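Student: Got a structure for you, written out below as structure tokens; questions coming shortly.
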Number of protein chains: 4
Amino acid sequence: MRFLTAGESHGPGLTTIVEGVPASLPLSTEDINKELKRRQGGYGRGRRMKIEKDLVSITSGVRHGKTTGAPITLTVTNDDWVHWEQVMGIDPVSSEDEHRVNTKKLTRPRPGHADLNGALKYRHRDMRNVLERSSARETTMRVAVGSVAKKILSELGITIGVHVLNIGGVEANGEYANLSELIERAEASPVRCIDEQASEKMKEAIDQAKANGDSIGGIVQVVAEGMPPGVGSHVHYDRKLDGKIAGAVMSINAFKGAEVALDLMQPICLEVKFMMRFIGQKKTDTEEAAIVLVDLKAG
Amino acid sequence: MRFLTAGESHGPGLTTIVEGVPASLPLSTEDINKELKRRQGGYGRGRRMKIEKDLVSITSGVRHGKTTGAPITLTVTNDDWVHWEQVMGIDPVSSEDEHRVNTKKLTRPRPGHADLNGALKYRHRDMRNVLERSSARETTMRVAVGSVAKKILSELGITIGVHVLNIGGVEANGEYANLSELIERAEASPVRCIDEQASEKMKEAIDQAKANGDSIGGIVQVVAEGMPPGVGSHVHYDRKLDGKIAGAVMSINAFKGAEVALDLMQPICLEVKFMMRFIGQKKTDTEEAAIVLVDLKAG
Amino acid sequence: MRFLTAGESHGPGLTTIVEGVPASLPLSTEDINKELKRRQGGYGRGRRMKIEKDLVSITSGVRHGKTTGAPITLTVTNDDWVHWEQVMGIDPVSSEDEHRVNTKKLTRPRPGHADLNGALKYRHRDMRNVLERSSARETTMRVAVGSVAKKILSELGITIGVHVLNIGGVEANGEYANLSELIERAEASPVRCIDEQASEKMKEAIDQAKANGDSIGGIVQVVAEGMPPGVGSHVHYDRKLDGKIAGAVMSINAFKGAEVALDLMQPICLEVKFMMRFIGQKKTDTEEAAIVLVDLKAG
Amino acid sequence: MRFLTAGESHGPGLTTIVEGVPASLPLSTEDINKELKRRQGGYGRGRRMKIEKDLVSITSGVRHGKTTGAPITLTVTNDDWVHWEQVMGIDPVSSEDEHRVNTKKLTRPRPGHADLNGALKYRHRDMRNVLERSSARETTMRVAVGSVAKKILSELGITIGVHVLNIGGVEANGEYANLSELIERAEASPVRCIDEQASEKMKEAIDQAKANGDSIGGIVQVVAEGMPPGVGSHVHYDRKLDGKIAGAVMSINAFKGAEVALDLMQPICLEVKFMMRFIGQKKTDTEEAAIVLVDLKAG
């Protein structure tokens with residue numbers, strides 16, 4: 001499975017093409033929209049999230065509710081494109097019109113962002129050309145791809161769950177009985193934390209950070225159950241599971257660190273569980289992990 | 001430069017994402033539509049070509065007429081989608097509706113096509129699931145990508161021309177004074193052949209083949225001028241120019257053979273010219289060659 | 001399966017690492033040496049071929065006669081290294097010694113070779129640095145890799161045969177009853193041609209060309225039997241069988257053209273046969289085709 | 001730059017082929033042996049390290065002390081191969097001899113290692129077939145490749161330094177004046193820590209862990225100076241610097257976590273510095289980071 005993502009934060013929309021998905025997998029827009037909605041639901045999300053109600057269109061690779069084996073195209077239209085048509089227009093503009101369409105020029109790089117580096121590398125004077133692509137809005141398409149990967153995994157009996165262990169220094173009691181219980185409890189929490197008391201304190205920490213204009217860190221844990229043994233490989237460095245997972249996870253802007261632990265559950269190892277601690281503030285992690293797992297199964 | 005193409009012959013449309021295009025390249029829908037029109041203009045084209053008037057939309061990677069360095073999304077909508085919405089519908093259908101939407105089932109494989117192989121590989125009962133993707137309609141997106149590649153090459157002072165040397169056994173006199181003359185004369189011919197007498201005979205051969213329900217072979221020659229020395233590499237097998245060009249060209253359904261010749265024009269070799277003879281009947285070759293060249297320049 | 005090849009024509013030796021070979025495949029140095037010997041046995045081979053008696057060493061990935069799944073290292077030592085130790089030495093030389101070790105400098109590019117292009121690309125004054133790597137000696141390692149691929153194919157019940165159809169304009173009667181008969185008759189001929197009368201004329205044509213200092217072209221045909229349906233794929237351009245085979249074959253210096261034909265042998269298509277016509281003069285083709293097939297099976 | 005590594009821990013030797021190294025780079029066996037010696041010098045290293053005195057041979061891609069642009073082959077012979085020739089022999093053994101050569105069979109998987117997973121994936125009864133390849137001995141070749149990468153970086157004015165911040169809970173004062181001072185002080189310490197008092201305590205912690213048969217964790221920091229802006233890219237997920245570094249680092253057995261921080265040193269950002277905290281116990285990190293940086297520069 002390989003995929004390319006495309007689209008600017010305030011452009012007409014976002015697109016991804018996913019190549020290598022097996023045929024006859026049940027797949028509907030609902031499967032994907034469900035995950036897109038989860039992405040937008042996190043506590044403390046910005047105003048943008050409330051504006052956009054992301055809905056996906058499938059325009060290839062699926063017929064009558066099932067994949068055909070051909071490349072799948074997924075598109076999410078940006079609802080507020082109408083307000084950005086001039087600033088982000090595709091067509092050439094005459095030099096006299098330039099000042100009219102360039103009202104959102106970014107000439108002062110924001111610290112901690114790709115603005116300055118991107119501008120130097122691609123020689124842009126208007127750093128909006130960088131911001132529009134380096135924006136976290138790109139993760140919308142990764143969640144979309146991840147939801148396809150999740151469908152494949154669920155056909156293989158693999159479940160992936162995620163919960164938050166720490167936000168802004170507030171540590172949660174992360175104990176749980178089994179994975180389906182974990183998922184249910186996490187999804188019921190506004191901060192996706194299974195410890196109710198900690199959830200409340202985390203919300204306060206987020207509110208506080210927002211009030212101060214600060215960002216806030218945290219740790220999420222991803223748990224996979226039902227993994228067959230032998231995913232990844234010991235024979236060559238670029239096929240090792242730890243490296244592939246860490247590489248994929250760290251390609252998400254919000255993640256600044258990753259740890260991987262593999263636990264053999266039983267002496268005969270018919271099941272492999274893995275966990276990751278991500279130090280970050282985003283909640284797209286489940287989907288990203290799903291992509292990596294599918295990739296490894298194919299590899 | 002890398003790209004994925006997607007879309008079915010009678011689906012909602014065709015999409016490609018092109019990643020790795022340099023920033024600040026002038027690019028408009030016109031640049032691409034011009035080549036799409038060329039693709040549809042060949043003598044003896046089927047009825048489908050007359051129905052579709054392919055027009056591209058750019059939805060990412062280009063702002064105010066210039067590329068930004070971000071992935072470029074190109075889409076061509078299928079004009080007759082309205083007639084195929086049920087047969088090629090994305091959404092699941094209930095079992096009682098299935099007979100209603102499956103009116104175009106293909107259960108008898110056509111010889112010389114991917115139908116049977118694809119059906120066995122992907123386990124499709126309805127070979128329409130293969131036909132829709134293996135169709136030559138896919139080359140629409142390759143022409144679109146090729147037109148982007150051609151823009152890059154033209155910025156580098158590289159010109160690519162194409163002309164037909166042989167159709168159905170009719171051989172043309174392929175002599176020309178220089179590349180711009182070649183292009184002008186070839187584009188003026190309905191069969192893209194610079195020998196007017198041979199052109200007429202080729203048209204007759206095509207008409208005859210059509211009347212008999214036969215296909216017809218031929219040879220086209222692609223000429224690149226202005227190539228810098230050192231494209232490709234002698235150091236490793238998968239970076240050699242001949243192999244890359246042959247591999248790209250032969251991935252087009254219609255091409256069944258390829259020959260490559262490199263001619264050093266001058267003793268000091270400041271210019272490299274190459275030619276290919278393709279044994280086939282399609283005219284998408286210029287664009288495909290453009291893609292390979294760009295890929296090699298980056299490699 | 002992926003592999004890198006390394007080594008200069010007159011360096012200490014040639015090496016390849018092959019990654020992705022399945023475990024438990026029987027593999028011995030004999031399997032590989034047999035094919036290396038075939039490579040050196042062609043009629044009209046140069047003097048070099050008589051000097052080198054290529055023998056392979058396996059130094060990883062195989063234990064007690066079976067592959068382990070780990071990367072396989074294959075090495076062929078150059079027997080005449082002792083005569084080239086100074087000219088091709090690895091260690092730095094002082095400037096006063098330079099004239100002593102540079103006795104084989106190549107400053108005049110040979111037409112039809114990579115000498116000039118390579119020198120311009122990599123900025124070499126001494127084109128021996130290009131010649132040593134662009135030499136056909138590199139195909140030794142491809143034959144070695146191909147012999148591993150052939151072992152995998154033979155485990156899967158796939159046989160690959162090769163015979164020569166044309167040398168220097170002498171056409172052979174290429175009819176045969178079945179593939180094992182074809183292989184037997186071809187291997188018995190000094191020019192690998194199953195038509196005895198044509199064989200004699202081909203030898204004369206080769207002798208004539210040698211006497212005149214000419215090169216000579218030809219056509220070889222590769223036949224694969226026992227291929228399962230579904231090798232390659234119709235869903236994406238870079239996974240198509242024709243393109244992959246043509247790309248691999250044309251990366252061999254001696255091949256200047258390739259044609260691919262797929263024949264469904266039976267209406268129910270449980271078997272797929274393919275043939276290639278290579279316009280060239282080398283005999284490494286069987287092995288190269290074996291590599292591509294294995295690659296496609298994994299893809 | 002791409003490379004494959006090969007070789008078993010107790011096989012005849014280790015090999016790597018590095019493809020894509022620029023021509024005319026000064027490179028000698030000394031450059032590589034220096035780093036191999038560093039790898040073997042860590043405090044608390046096992047007995048194996050004392051046996052092996054790793055020395056590299058270059059057998060391709062370098063001539064008279066300079067790279068030619070062709071693939072580089074590096075080989076390290078295992079000094080104790082003579083004791084393992086039967087157990088790890090390449091040649092087939094007769095069934096009656098099998099018991100004689102299988103004296104080092106591993107049938108009980110070691111927890112925390114790849115033994116069981118690898119055996120299930122590749123269907124090995126003797127887990128020695130897994131152990132021999134999953135062993136940390138493989139990092140020898142990565143250090144060798146890294147030393148080539150370091151040479152390229154040093155030509156570009158980029159310096160990479162590494163020091164240990166924490167071993168077994170002992171935290172070091174990691175302050176330093178400039179990078180060359182950091183490197184000098186770190187290399188002078190047996191545990192590569194620039195805080196002398198902490199160094200002593202770390203050695204005690206290591207001795208203690210060894211006495212108890214425990215492993216021990218730690219944190220190392222890698223610092224790169226002189227990086228040009230624009231390494232990596234914001235335009236596509238798989239070209240992001242953080243993801244590439246984390247993926248490469250985590251493919252080393254000993255590393256269980258990675259954090260990346262990018263610091264713009266100056267408001268006008270003509271220089272970019274980055275740091276990584278690795279939670280692990282190995283000292284191969286500098287080289288691995290060098291490989292990733294070179295890869296990114298080419299990408």
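Within each chain, counting starts at residue 1; across the structure tokens, chains are named A, B, ... in the order shown, with ligands numbered 1 upward in that order.
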Find the residues of chain D that sit at most 8 Å from chain C; for each, write down the nearest two atoms and how far apart they are in Å, to one decimal. Count only C-alpha atoms. Sort by chain, then by number going up, and give it as JSON lines.

Tutor:
{"residue": "D:Phe3", "atom": "CA", "partner": "C:Leu4", "partner_atom": "CA", "distance": 8.0}
{"residue": "D:Leu4", "atom": "CA", "partner": "C:Ile17", "partner_atom": "CA", "distance": 6.8}
{"residue": "D:Thr5", "atom": "CA", "partner": "C:Pro71", "partner_atom": "CA", "distance": 7.4}
{"residue": "D:Ala6", "atom": "CA", "partner": "C:Pro71", "partner_atom": "CA", "distance": 5.2}
{"residue": "D:Gly7", "atom": "CA", "partner": "C:Ser60", "partner_atom": "CA", "distance": 4.9}
{"residue": "D:Glu8", "atom": "CA", "partner": "C:Ser60", "partner_atom": "CA", "distance": 6.3}
{"residue": "D:Gly11", "atom": "CA", "partner": "C:Ser60", "partner_atom": "CA", "distance": 6.8}
{"residue": "D:Pro12", "atom": "CA", "partner": "C:Thr59", "partner_atom": "CA", "distance": 5.9}
{"residue": "D:Gly13", "atom": "CA", "partner": "C:Thr59", "partner_atom": "CA", "distance": 6.7}
{"residue": "D:Leu14", "atom": "CA", "partner": "C:Ser60", "partner_atom": "CA", "distance": 7.7}
{"residue": "D:Thr15", "atom": "CA", "partner": "C:Thr73", "partner_atom": "CA", "distance": 7.3}
{"residue": "D:Thr16", "atom": "CA", "partner": "C:Ile17", "partner_atom": "CA", "distance": 7.6}
{"residue": "D:Ile17", "atom": "CA", "partner": "C:Leu4", "partner_atom": "CA", "distance": 6.8}
{"residue": "D:Glu19", "atom": "CA", "partner": "C:Leu4", "partner_atom": "CA", "distance": 7.6}
{"residue": "D:Pro22", "atom": "CA", "partner": "C:Tyr122", "partner_atom": "CA", "distance": 7.8}
{"residue": "D:Ala23", "atom": "CA", "partner": "C:Tyr122", "partner_atom": "CA", "distance": 5.9}
{"residue": "D:Ser28", "atom": "CA", "partner": "C:Asp91", "partner_atom": "CA", "distance": 6.5}
{"residue": "D:Thr29", "atom": "CA", "partner": "C:Asp91", "partner_atom": "CA", "distance": 8.0}
{"residue": "D:Ile58", "atom": "CA", "partner": "C:Ile90", "partner_atom": "CA", "distance": 7.1}
{"residue": "D:Thr59", "atom": "CA", "partner": "C:Pro12", "partner_atom": "CA", "distance": 5.9}
{"residue": "D:Ser60", "atom": "CA", "partner": "C:Gly7", "partner_atom": "CA", "distance": 4.9}
{"residue": "D:Gly61", "atom": "CA", "partner": "C:Gly7", "partner_atom": "CA", "distance": 6.9}
{"residue": "D:Val62", "atom": "CA", "partner": "C:Ile90", "partner_atom": "CA", "distance": 5.6}
{"residue": "D:Arg63", "atom": "CA", "partner": "C:Ile90", "partner_atom": "CA", "distance": 4.6}
{"residue": "D:His64", "atom": "CA", "partner": "C:Pro92", "partner_atom": "CA", "distance": 4.3}
{"residue": "D:Gly65", "atom": "CA", "partner": "C:Pro92", "partner_atom": "CA", "distance": 3.8}
{"residue": "D:Lys66", "atom": "CA", "partner": "C:Pro92", "partner_atom": "CA", "distance": 7.3}
{"residue": "D:Thr68", "atom": "CA", "partner": "C:Asn129", "partner_atom": "CA", "distance": 6.2}
{"residue": "D:Gly69", "atom": "CA", "partner": "C:Tyr122", "partner_atom": "CA", "distance": 6.8}
{"residue": "D:Ala70", "atom": "CA", "partner": "C:Arg133", "partner_atom": "CA", "distance": 6.8}
{"residue": "D:Pro71", "atom": "CA", "partner": "C:Ala6", "partner_atom": "CA", "distance": 5.2}
{"residue": "D:Ile72", "atom": "CA", "partner": "C:Ala6", "partner_atom": "CA", "distance": 6.7}
{"residue": "D:Thr73", "atom": "CA", "partner": "C:Ala6", "partner_atom": "CA", "distance": 6.6}
{"residue": "D:Met88", "atom": "CA", "partner": "C:Arg63", "partner_atom": "CA", "distance": 6.0}
{"residue": "D:Gly89", "atom": "CA", "partner": "C:His64", "partner_atom": "CA", "distance": 5.6}
{"residue": "D:Ile90", "atom": "CA", "partner": "C:Arg63", "partner_atom": "CA", "distance": 4.6}
{"residue": "D:Asp91", "atom": "CA", "partner": "C:Gly65", "partner_atom": "CA", "distance": 4.8}
{"residue": "D:Pro92", "atom": "CA", "partner": "C:Gly65", "partner_atom": "CA", "distance": 3.8}
{"residue": "D:Val93", "atom": "CA", "partner": "C:His64", "partner_atom": "CA", "distance": 5.8}
{"residue": "D:Tyr122", "atom": "CA", "partner": "C:Ala23", "partner_atom": "CA", "distance": 5.9}
{"residue": "D:Arg123", "atom": "CA", "partner": "C:Ala23", "partner_atom": "CA", "distance": 7.8}
{"residue": "D:Asn129", "atom": "CA", "partner": "C:Thr68", "partner_atom": "CA", "distance": 6.2}
{"residue": "D:Arg133", "atom": "CA", "partner": "C:Ala70", "partner_atom": "CA", "distance": 6.8}

Student: Find the spatial neighbours of Asp126 (chain C), counting only C-alpha atoms, within a cut-off of 6 Å - ignore same-chain residues fewer than 2 positions away - and output them as a list in words.

Tutor: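 Neighbouring residues, sequence-local ones excluded: Lys105, Leu106, Thr107, His124 and Arg128 of chain C.
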
Student: Among region 71-260 of chain C, which ones does DSSP assign to strand (DSSP E) (computed from the backbone)? Answer as a PyMOL selection string.

Tutor: chain C and resi 72-77+159-167+170-171+218-227+257-260

Student: Would you list, as a list in words, the residues of region 166-231 of chain B that end up in helix (DSSP H, G or I) under DSSP run on this structure's backbone?

Tutor: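 Checking each residue of region 166-231 of chain B, the helix (DSSP H, G or I) ones are Leu179, Ser180, Glu181, Leu182, Ile183, Glu184, Arg185, Ala186, Glu187, Ala188, Glu196, Gln197, Ala198, Ser199, Glu200, Lys201, Met202, Lys203, Glu204, Ala205, Ile206, Asp207, Gln208, Ala209, Lys210, Ala211 and Asn212 of chain B.
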
Student: What does the file look like for those residues with N, CA and C atoms, as a short mmCIF file (atom, residue, chain, number, x, y, z; two decimals), in the first residue's frame?

Tutor:
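Output file out_11.cif is given in full below:
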data_model
loop_
_atom_site.label_atom_id
_atom_site.label_comp_id
_atom_site.auth_asym_id
_atom_site.auth_seq_id
_atom_site.Cartn_x
_atom_site.Cartn_y
_atom_site.Cartn_z
N LEU B 179 14.26 20.12 -35.56
CA LEU B 179 13.18 19.60 -34.72
C LEU B 179 11.92 20.46 -34.77
N SER B 180 12.07 21.79 -34.80
CA SER B 180 10.85 22.61 -34.83
C SER B 180 10.09 22.40 -36.13
N GLU B 181 10.83 22.23 -37.23
CA GLU B 181 10.16 21.92 -38.49
C GLU B 181 9.44 20.57 -38.40
N LEU B 182 10.10 19.61 -37.83
CA LEU B 182 9.49 18.28 -37.67
C LEU B 182 8.17 18.38 -36.92
N ILE B 183 8.20 19.08 -35.80
CA ILE B 183 7.00 19.19 -34.97
C ILE B 183 5.87 19.86 -35.75
N GLU B 184 6.20 20.96 -36.42
CA GLU B 184 5.17 21.68 -37.18
C GLU B 184 4.53 20.79 -38.23
N ARG B 185 5.36 20.09 -38.99
CA ARG B 185 4.82 19.25 -40.05
C ARG B 185 4.03 18.06 -39.49
N ALA B 186 4.54 17.48 -38.42
CA ALA B 186 3.84 16.31 -37.85
C ALA B 186 2.48 16.71 -37.29
N GLU B 187 2.43 17.84 -36.59
CA GLU B 187 1.16 18.25 -35.98
C GLU B 187 0.13 18.62 -37.03
N ALA B 188 0.61 19.02 -38.22
CA ALA B 188 -0.31 19.39 -39.31
C ALA B 188 -0.95 18.16 -39.96
N GLU B 196 3.63 13.57 -46.74
CA GLU B 196 2.22 13.77 -47.09
C GLU B 196 1.63 12.61 -47.88
N GLN B 197 2.42 12.08 -48.81
CA GLN B 197 1.91 10.95 -49.60
C GLN B 197 1.65 9.74 -48.70
N ALA B 198 2.63 9.45 -47.84
CA ALA B 198 2.46 8.32 -46.93
C ALA B 198 1.26 8.55 -46.01
N SER B 199 1.05 9.80 -45.60
CA SER B 199 -0.09 10.12 -44.74
C SER B 199 -1.40 9.63 -45.35
N GLU B 200 -1.56 9.94 -46.62
CA GLU B 200 -2.80 9.53 -47.29
C GLU B 200 -2.97 8.01 -47.28
N LYS B 201 -1.87 7.32 -47.58
CA LYS B 201 -1.93 5.85 -47.61
C LYS B 201 -2.18 5.28 -46.20
N MET B 202 -1.63 5.95 -45.21
CA MET B 202 -1.85 5.50 -43.83
C MET B 202 -3.32 5.64 -43.45
N LYS B 203 -3.92 6.76 -43.85
CA LYS B 203 -5.34 6.95 -43.57
C LYS B 203 -6.17 5.84 -44.22
N GLU B 204 -5.81 5.50 -45.45
CA GLU B 204 -6.52 4.41 -46.12
C GLU B 204 -6.34 3.10 -45.35
N ALA B 205 -5.13 2.85 -44.92
CA ALA B 205 -4.86 1.61 -44.17
C ALA B 205 -5.68 1.57 -42.88
N ILE B 206 -5.79 2.72 -42.23
CA ILE B 206 -6.60 2.79 -41.00
C ILE B 206 -8.07 2.55 -41.32
N ASP B 207 -8.56 3.21 -42.36
CA ASP B 207 -9.96 3.01 -42.76
C ASP B 207 -10.24 1.55 -43.06
N GLN B 208 -9.32 0.94 -43.78
CA GLN B 208 -9.46 -0.47 -44.15
C GLN B 208 -9.52 -1.35 -42.90
N ALA B 209 -8.57 -1.09 -41.99
CA ALA B 209 -8.52 -1.88 -40.76
C ALA B 209 -9.80 -1.70 -39.97
N LYS B 210 -10.29 -0.47 -39.89
CA LYS B 210 -11.54 -0.20 -39.18
C LYS B 210 -12.69 -0.96 -39.82
N ALA B 211 -12.74 -0.90 -41.15
CA ALA B 211 -13.82 -1.58 -41.87
C ALA B 211 -13.80 -3.08 -41.59
N ASN B 212 -12.59 -3.63 -41.48
CA ASN B 212 -12.44 -5.06 -41.21
C ASN B 212 -12.50 -5.40 -39.72
#

Student: Smallest atom-to-atom distance to Met227 (chain B): which of C:His10, C:Leu156, C:Asn117, C:Asn166, using only C-alpha atoms?

Tutor: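 Comparing C:His10, C:Leu156, C:Asn117, C:Asn166 against Met227 (chain B), the winner is C:Asn117.
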
Student: Between B:Asn78, B:Asn253, B:Gln221, B:Ser135, which has the minimum distance to Leu165 (chain B) (counting only C-alpha atoms)?

Tutor: B:Gln221

Student: Which residues come within 7 Å of His163 (chain B), counting only C-alpha atoms, excluding same-chain residues fewer than 6 positions away, as a count of residues only?

Tutor: 7
